[in-house]
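Student: Sharing a structure here in structure tokens format.
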Amino acid sequence: MSLVSNAISYVNQQLGESYPQAIYRLVVNDKDIGALVATRLMRMTITDNRGIEADSIDIELSDHDGKLEIPPKGAEIHAWIGWSDTGLVYKGKYLVKEREHSGAPDIITIRGASADLKSTFKKKKERSFDKKTIGDIITAIAGEQGLTPKVNPELAKIVLAHIDQNESDANLITRIADEHDAIATVKNGNLLFMPKGTGQTASGVSFPEFIIRRIQGDSHRFSDTDGADDISGVTCYYYDPDKAEKQKVTIGQSNENTKELRNIQRDKNSALHTAQAEFNRLKSKSCTFSYNLAKGEPELIPEMPISFLGLKPEIDDIIWLGSRVVHTLDADNGYSTSVELEVYLPDADDLSELIDDERGDYTGIVAYYKDGKNTAKVTSGDQTTPKRLTYLYKTQQTATIAANREYQELLALKKSKK
């Protein structure tokens, strides 16, 4: 009997067949261990991370009768999780990194990390890439690591003047990703390089938007700070061999609230990408939000756009982006999913712009909203030097309300300064 049928049969005998039951599958070194663990699984946690941070799996098994064997280090685990009415979703391949036996009562704990992140990925290398595209570099590293490269087409064609590598492959591609507001990650045998915070796959295909209603939640935490709002722009310096002094580029507004980056870049193009990436990072962190789903959602993954219904307008009116997802199957509490989120930045060319001159205070507001597959905008006030709200609102109506509200606050602030 397979693990799936074994688990369904056992749970249904205990709880009846009136509603869907959580199911899972574990294959260790090509052996389905369903019959072995169906009544022993105490807890399984699968953590899906964004970027070059290994995904992980933790499995706790009851060894009350002492009949379980401790698996060897390096054992390969394939894991699936889901529901009896919708089926299983594959959650990846892991290598056993740690084993633990504790008691009493006796429990075996197995901890694994993503099998695709080999130790060679984090070994230091010394070499250079000259006038290579991002696609060339990612493809070369993927080939060396036995991975399949999948690079966003727009990012793939960017030419990097010169890159010196005196670090691991993992650090190098993370550095390139950070400079271009992108994500480098390894999933299911693929080395992915894609834009950060766009809700798209490496090939540029949009993830479907996931809707969560308040009734699905168990708990949540929303935090909104003014730290990112206080930063009006980001300045980055670079060397120009034809000029005697260092030069600069600024993304956003250049004033007393502009953040200056300390590291000097090798050329103007690198400085521009670095400033843009930092500007986007700051704005995406302006709000933080975590949500626990009482009923687990196996389809949830990082970088998926998520909308909420039934919470506060500040939460419901905008679109969020999953940054870390944790699936937990507990023998006592069932299957639940927790997700950490950040602000989904609008896909708009004028969200931030390169400027070389000093500007005054904001004169108006621009707010963005989702218009089908496109990003549209509404304005309020004088648009000479507008403040651009870095949320993607669900509708034109919610964007308009936000723009008008922010403009009134802007007028009140100006009045108080007089």
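Every chain in the structure tokens has a letter given in the order shown (A, B, ...), and although residue numbers restart at 1 in each chain, ligands are simply numbered from 1 in the order shown.
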If we count only C-alpha atoms, what is near Lys91 in chain A at a cut-off of 8 Å, once residues fewer than 3 positions away on the same chain are taken out, given as a ChimeraX atom specification?
Tutor: /A:46,78-81
Student: For the selection you just gave me, I'd like the residues written to a file as a PDB file, in the first residue's frame, keeping C-alpha atoms.
Tutor:
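Once everything was written out, this is part.pdb:
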ATOM      1  CA  ILE A  46       8.951  22.264   4.949  1.00  0.00           C
ATOM      2  CA  HIS A  78      11.626  13.586  -1.889  1.00  0.00           C
ATOM      3  CA  ALA A  79       8.584  15.199  -0.256  1.00  0.00           C
ATOM      4  CA  TRP A  80       4.999  15.892  -1.310  1.00  0.00           C
ATOM      5  CA  ILE A  81       2.143  17.430   0.665  1.00  0.00           C
TER       6      ILE A  81
END
Student: Got a sec: who's within 7 Å of range 278-280 of chain A, counting only C-alpha atoms, leaving out chain neighbours fewer than 4 positions off, as a ChimeraX atom specification?
Tutor: /A:233-234,251,274,284
Student: Range 135-345 of chain A: which residues are strand (DSSP E) by DSSP, as a VMD selection string?
Tutor: chain A and resid 148 to 151 159 to 168 182 to 187 190 to 195 210 to 213 217 to 224 233 to 238 247 to 252 258 to 260 287 to 293 305 to 309 320 to 330 334 to 343
Student: Next, dump the selected residues to file, keeping only C-alpha atoms, as a short mmCIF file (atom, residue, chain, number, x, y, z; two decimals), in the first residue's frame.
Tutor:
data_model
loop_
_atom_site.label_atom_id
_atom_site.label_comp_id
_atom_site.auth_asym_id
_atom_site.auth_seq_id
_atom_site.Cartn_x
_atom_site.Cartn_y
_atom_site.Cartn_z
CA THR A 148 19.80 23.88 -15.65
CA PRO A 149 20.01 27.67 -16.13
CA LYS A 150 16.73 29.58 -16.35
CA VAL A 151 17.36 33.30 -16.72
CA VAL A 159 26.37 43.00 -20.45
CA LEU A 160 28.67 43.36 -17.44
CA ALA A 161 31.86 45.22 -18.31
CA HIS A 162 34.08 43.23 -15.96
CA ILE A 163 33.51 40.96 -12.96
CA ASP A 164 36.29 39.70 -10.68
CA GLN A 165 35.32 36.63 -8.68
CA ASN A 166 37.20 36.15 -5.42
CA GLU A 167 34.33 34.38 -3.69
CA SER A 168 32.02 31.40 -4.03
CA ALA A 182 16.94 40.31 -9.00
CA ILE A 183 16.74 36.94 -7.28
CA ALA A 184 19.16 34.08 -7.80
CA THR A 185 17.86 30.80 -6.42
CA VAL A 186 18.08 27.05 -6.92
CA LYS A 187 14.86 25.05 -7.18
CA ASN A 190 17.28 24.70 -11.89
CA LEU A 191 19.44 27.78 -11.30
CA LEU A 192 16.92 30.61 -11.55
CA PHE A 193 17.77 34.27 -12.11
CA MET A 194 14.74 36.54 -12.27
CA PRO A 195 13.51 40.02 -11.30
CA PHE A 210 -3.42 33.93 -4.77
CA ILE A 211 -6.42 35.23 -2.78
CA ILE A 212 -6.66 34.69 0.98
CA ARG A 213 -9.86 35.48 2.91
CA GLY A 217 -6.55 32.71 8.71
CA ASP A 218 -5.45 31.62 12.13
CA SER A 219 -3.33 34.65 13.04
CA HIS A 220 -1.51 37.55 11.38
CA ARG A 221 0.84 40.44 12.09
CA PHE A 222 0.99 43.68 10.08
CA SER A 223 3.57 46.41 10.65
CA ASP A 224 3.84 49.73 8.84
CA GLY A 233 16.01 58.56 -3.09
CA VAL A 234 19.25 56.58 -3.27
CA THR A 235 22.57 57.96 -4.52
CA CYS A 236 25.39 55.72 -5.70
CA TYR A 237 28.88 56.86 -6.74
CA TYR A 238 31.07 55.47 -9.51
CA GLN A 247 30.53 60.79 -10.25
CA LYS A 248 27.07 59.93 -8.96
CA VAL A 249 23.62 58.82 -10.02
CA THR A 250 20.44 59.16 -7.97
CA ILE A 251 17.26 57.14 -8.13
CA GLY A 252 14.26 59.06 -6.81
CA THR A 258 18.52 60.82 0.05
CA LYS A 259 20.42 57.72 1.16
CA GLU A 260 24.03 57.62 -0.05
CA CYS A 287 5.40 47.28 5.30
CA THR A 288 5.88 43.82 6.72
CA PHE A 289 3.15 41.26 7.02
CA SER A 290 2.96 37.65 8.16
CA TYR A 291 -0.07 35.38 7.93
CA ASN A 292 -0.84 31.91 9.26
CA LEU A 293 -3.35 29.84 7.33
CA PRO A 305 1.46 37.72 -5.58
CA ILE A 306 -1.14 37.48 -2.80
CA SER A 307 -4.30 39.49 -2.10
CA PHE A 308 -6.29 39.57 1.14
CA LEU A 309 -9.99 40.04 1.82
CA TRP A 320 1.46 41.55 -1.49
CA LEU A 321 4.35 39.28 -2.42
CA GLY A 322 5.27 36.06 -0.62
CA SER A 323 8.91 36.04 0.50
CA ARG A 324 9.08 32.92 2.70
CA VAL A 325 6.62 30.03 3.06
CA VAL A 326 6.54 27.37 5.79
CA HIS A 327 4.32 24.28 5.54
CA THR A 328 3.71 22.38 8.79
CA LEU A 329 1.95 19.01 9.10
CA ASP A 330 1.32 18.22 12.76
CA GLY A 334 -3.24 19.17 11.16
CA TYR A 335 -1.72 20.92 8.14
CA SER A 336 -1.14 24.69 8.21
CA THR A 337 0.89 27.20 6.18
CA SER A 338 2.57 30.41 7.29
CA VAL A 339 3.77 33.03 4.86
CA GLU A 340 5.94 36.12 5.23
CA LEU A 341 5.11 38.94 2.83
CA GLU A 342 6.40 42.23 1.56
CA VAL A 343 4.99 45.02 -0.59
#
Student: Set the distance at 6 Å and use only C-alpha atoms: which residues neighbour Ala403 in chain A once local chain neighbours fewer than 4 positions away are removed? I'd like the list as a short mmCIF file (atom, residue, chain, number, x, y, z; two decimals) with N, CA and C atoms, in the first residue's frame.
Tutor:
data_model
loop_
_atom_site.label_atom_id
_atom_site.label_comp_id
_atom_site.auth_asym_id
_atom_site.auth_seq_id
_atom_site.Cartn_x
_atom_site.Cartn_y
_atom_site.Cartn_z
N ILE A 365 0.95 63.67 -5.83
CA ILE A 365 0.99 62.24 -5.54
C ILE A 365 0.68 61.44 -6.81
N ALA A 367 -0.30 57.34 -7.63
CA ALA A 367 -0.60 56.02 -7.08
C ALA A 367 -0.84 55.05 -8.24
N SER A 380 -2.84 63.03 -8.04
CA SER A 380 -3.52 64.03 -7.22
C SER A 380 -2.55 65.17 -6.98
#
Student: Would you kindly return, as number ranges by chain, each protein, DNA or RNA residue with an atom no farther than 6 Å from any atom of Pro386 in chain A, considering only C-alpha atoms and excluding same-chain residues fewer than 2 positions away?
Tutor: A: 362-365, 383
Student: Would you write out those residues with all heavy atoms, as a compact mmCIF listing (two decimals), in the first residue's frame?
Tutor:
# COMPACT_ATOMS: atom_id res chain seq x y z
N TYR A 362 7.98 67.54 -2.53
CA TYR A 362 6.93 66.93 -3.35
C TYR A 362 5.80 67.94 -3.59
O TYR A 362 5.42 68.71 -2.71
CB TYR A 362 6.37 65.70 -2.66
CG TYR A 362 7.36 64.58 -2.51
CD1 TYR A 362 7.70 64.09 -1.24
CD2 TYR A 362 7.96 64.00 -3.62
CE1 TYR A 362 8.60 63.04 -1.10
CE2 TYR A 362 8.87 62.96 -3.48
CZ TYR A 362 9.18 62.49 -2.22
OH TYR A 362 10.08 61.46 -2.08
N THR A 363 5.25 67.88 -4.80
CA THR A 363 4.15 68.78 -5.14
C THR A 363 2.82 68.05 -5.35
O THR A 363 1.78 68.68 -5.44
CB THR A 363 4.48 69.54 -6.45
OG1 THR A 363 4.69 68.59 -7.50
CG2 THR A 363 5.73 70.40 -6.27
N GLY A 364 2.87 66.74 -5.46
CA GLY A 364 1.65 65.97 -5.70
C GLY A 364 1.90 64.50 -5.43
O GLY A 364 2.95 64.11 -4.91
N ILE A 365 0.95 63.67 -5.83
CA ILE A 365 0.99 62.24 -5.54
C ILE A 365 0.68 61.44 -6.81
O ILE A 365 -0.19 61.82 -7.60
CB ILE A 365 -0.02 61.86 -4.44
CG1 ILE A 365 0.24 62.64 -3.16
CG2 ILE A 365 -0.01 60.35 -4.19
CD1 ILE A 365 1.55 62.30 -2.47
N GLN A 383 1.88 67.82 -10.59
CA GLN A 383 2.76 66.71 -10.93
C GLN A 383 4.18 67.14 -11.34
O GLN A 383 4.89 66.40 -12.01
CB GLN A 383 2.12 65.88 -12.05
CG GLN A 383 0.82 65.20 -11.64
CD GLN A 383 1.05 64.21 -10.51
OE1 GLN A 383 1.75 63.22 -10.68
NE2 GLN A 383 0.48 64.50 -9.34
Student: Tell me which of A:Asp382, A:Asp116, A:Glu303, A:Glu409 sits closest to Arg50 in chain A, counting only C-alpha atoms.
Tutor: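 With only C-alpha atoms as the atom set, the closest residue is A:Glu303.
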Student: At a cut-off of 6 Å, using only C-alpha atoms, what residues contact Glu76 in chain A? Leave out same-chain residues fewer than 3 positions from it and give the result as a ChimeraX atom specification.
Tutor: /A:28-29,94-95
Student: Restrict the selected residues to C-alpha atoms and save them as a compact mmCIF listing (two decimals), in the first residue's frame.
Tutor:
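Okay, part26.txt is ready:
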# COMPACT_ATOMS: atom_id res chain seq x y z
CA VAL A 28 13.87 8.08 0.97
CA ASN A 29 16.61 6.80 -1.33
CA TYR A 94 16.48 17.20 0.24
CA LEU A 95 19.63 15.60 1.62
Student: DSSP on the backbone, helix (DSSP H, G or I) only: what residues of range 116-321 of chain A does that give? Format it as a PyMOL selection string.
Tutor: chain A and resi 119-122+134-144+153-156+169-179+214-216+227-230+268-284+313-316
Student: When you count only C-alpha atoms, which of these residues is closest to Asp267 in chain A: A:Ile318, A:Asp371, A:Pro241, A:Ala399?
Tutor: A:Pro241
Student: Could you check which of A:Asn404, A:Thr109, A:Asn269, A:Asn188 is closest to Ser62 in chain A, using only C-alpha atoms?
Tutor: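 Ranking A:Asn404, A:Thr109, A:Asn269, A:Asn188 by distance to Ser62 in chain A, first place goes to A:Thr109.
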Student: Which value, in Å to one decimal, gives the distance between CA of Lys246 in chain A and CA of Ile158 in chain A?
Tutor: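 Between CA of Lys246 in chain A and CA of Ile158 in chain A the gap is 23.8 Å.
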Student: Could you give me, as an NGL selection string, the residues within 12 Å of Tyr391 in chain A, counting only C-alpha atoms and dropping anything in the same chain fewer than 2 positions from it?
Tutor: :A and (197 or 229 or 280 or 283-287 or 314-321 or 342-348 or 351 or 366-370 or 375 or 377 or 388-389 or 393-395 or 398-399 or 402-403)
Student: If we count only C-alpha atoms and set the cut-off at 12 Å, which residues sit around Lys118 in chain A, ignoring sequence neighbours fewer than 3 positions away in its own chain? Please answer as JSON, numbers by chain.
Tutor: {"A": [52, 53, 54, 74, 94, 95, 113, 114, 115, 121, 122, 123, 142, 144, 145, 146, 147, 168, 169, 170, 186, 189]}
Student: Do you have the CA of Asp240 in chain A-CA of Asn152 in chain A distance handy?
Tutor: 29.6 Å
